[in-house]
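Quick notes on the structure that follows.
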Amino acid sequence: MQIFHHSTNTISRVSIYGAAFILALLGGVLYAIELSPIYTRVNEAREQPVPFSHKHHAGELGIDCRYCHTTVEKSSFAGIPPTQTCMTCHSQIWTKAPMLEPVRASYRDDKSIAWTRVNALPDFVYFDHSIHISKGVGCTTCHGQVAEMPLTWKANTLYMDWCLECHRDPAKYVRPKSEVFDPGYVTPANQLELGARLVKEYKIHSLTNCSTCHR
Amino acid sequence: MKSRGQFDIRAQREGGAPAPVPHLRRCGLSWPRYAALPGWAKLCRAYGAGVAVDSEVASKKKAGGTPALQIARAANVICLAALALLFAGCRMDMHQQPKYLPYEPTTFFDDGRSERPVVPGTVARGQLRLDELLYTGKENGVLSNKFPFPITRDDLERGRQRYNIYCTPCHDYTGSGQGIVVQRGFPPPPSYHIDRLRQAPVGHFFDVMSNGYGSMYSYASRIEPEDRWRIAAYIRVLQLSQHATEQDVPPSERPQLNQLNAGQPQ
């Protein structure tokens with residue numbers, strides 16, 4: 001009994017092989033999406049419970065990064081300031097601002113403010129802020145022009161190939177230790193020359209072992 | 001969902017709004033993960049069956065399956081393998097391990113914090129803090145004018161750096177109390193150069209940094225005790241600098257001073 005016409009064989013074969021190509025194309029599209037801001041959320045200003053502006057605090061007022069991110073020099077974690085740090089100033093200024101009500105409520109009721117995390121790494125990456133700071137990697141090298149961000153966004157993908165860009169050749173990015181916290185630092189024209197000197201002076205090894213970051 | 005035991009960080013909190021944990025949503029492609037797979041597999045199998053039924057008529061005497069059937073099976077396997085590869089990329093087990101990173105929220109405790117406050121009276125190893133002068137700035141309960149350790153040039157440099165980070169927003173770079181936050185409306189602190197503070201024992205500055213004073217909050221959680229002493233030492237430097245004469249400058253440095261002051265009224 002002939003259920004299908006003979007041409008059905010051709011159609012089914014073509015569609016089976018075609019499916020492989022369609023899948024490959026789909027894979028390619030997914031890969032492109034993974035690299036694009038749709039997925040990485042690079043340059044996307046994130047909404048926060050309080051519209052905290054680094055532009056105002058770090059840029060216009062010139063408050064040092066470490067005033068709030070106190071553990072960045074000695075810990076793997078830079079530190080999100082406790083509400084007490086906000087209230088150090090805001091117990092006295094902008095005390096009636098409705099925008100700051102979540103901060104006051106947090107301090108009053110001893111409840112944490114649930115900030116939206118902007119820069120996150122997978123749990124299998126053991127990144128350490130302190131070693132990068134003490135070897136001359138500036139805040140803005142990874143976090144971008146934070147002092148110009150009204151709402152904070154991620155400046156880089158934080159993908160492994162991005163990390164390796166510097167781990168393979170730190171001379172391209174290292175700056176003098178005195179300039180690490182300068183939000184307005186401009187890479188000098190002789191960066192490669194300066195970088196090479198600093199890499200030697202700070203005893204920086206280009207660390208590309210898997211176990212440098214993965215444990 | 002309790003697949004990770006009672007510490008499941010994705011479970012909703014009972015009795016109340018679900019705690020927002022937006023940073024845990026790390027896989028933007030989670031939607032097709034389960035829904036798409038059976039559909040595609042069924043489709044592939046249907047193709048394979050269709051080819052098999054058709055070609056059996058043509059060459060049913062060949063043993064071990066027809067070539068068309070083999071191709072269909074191979075295509076089926078390829079399709080499934082490709083799908084498996086595609087969606088294997090969406091497994092996030094290692095991305096979100098069942099452990100708490102700093103400040104990661106939890107549903108286990110009522111306040112939603114995974115980091116627990118220590119029980120009052122707990123003494124952490126190495127934190128006994130018996131040295132009254134070093135940790136309170138006092139000797140026998142009275143503010144002391146002594147430093148708990150000798151202050152070197154390096155300590156002063158460190159003190160200047162820490163002062164510039166934590167104190168300048170209000171006290172400004174010279175210590176006159178006109179920092180940027182004061183310019184924006186914060187009650188001005190007294191200048192370090194008034195007589196009361198020039199006479200104050202150095203322990204007073206340590207005590208204020210540790211416990212706060214007036215509208216100034218405590219900085220104990222932000223500045224280590226040793227650094228608070230270094231800042232206190234640097235405040236003494238600022239006080240000296242505002243009441244110094246040319247005679248206080250070593251003769252070798254005076255030309256430099258005159259050079260710096262060249263354009264300014266004496």
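Ordered as shown in the structure tokens, chains take letters A, B, and onward, while each chain numbers its residues from 1 and ligands are numbered from 1 in the order shown.
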Chain B contacts to chain A at 6 Å (only C-alpha atoms) as a PyMOL selection string:
chain B and resi 23+95-96+165-166+186+217
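DSSP annotation of region 69-158 of chain B from backbone atoms: strand (DSSP E or B) residues are Pro105, Arg113, Lys138, Glu139, Val142 and Leu143 of chain B.
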Any chance you could list, as a ChimeraX atom specification, the residues in region 19-199 of chain A that come up alpha helix (DSSP H) when DSSP is run on the backbone?
/A:19-35,37-40,54,65-68,83-90,101-109,129-134,139-143,160-168,191-199
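For the atom pair formed by CA of Leu101 (chain B) and CA of Cys163 (chain A), the distance is 20.5 Å, given to one decimal.
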List the spatial neighbours of Ile235 (chain B) as a PyMOL selection string - criterion: any atom at most 12 Å away, only C-alpha atoms, same-chain residues fewer than 6 positions off excluded.
chain B and resi 156-157+159-164+167-168+171-176+191-193+197-198+200-206+209+228-229+241-242
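From CA of Val50 (chain A) back to CA of Lys96 (chain A), the distance works out to 14.2 Å.
For the atom pair formed by CA of Ser130 (chain A) and CA of Glu148 (chain A), the distance is 23.7 Å, given to one decimal.
You can rank B:Gln247, B:Thr152, B:Ser252, B:Asn145 by their closest distance to Gln199 (chain B) using only C-alpha atoms, and at the top of that list sits B:Asn145.
Distances to Gln191 (chain A) were evaluated for A:Lys74, A:Arg175, A:Lys154, A:Lys55 using only C-alpha atoms, and the minimum falls at A:Arg175.
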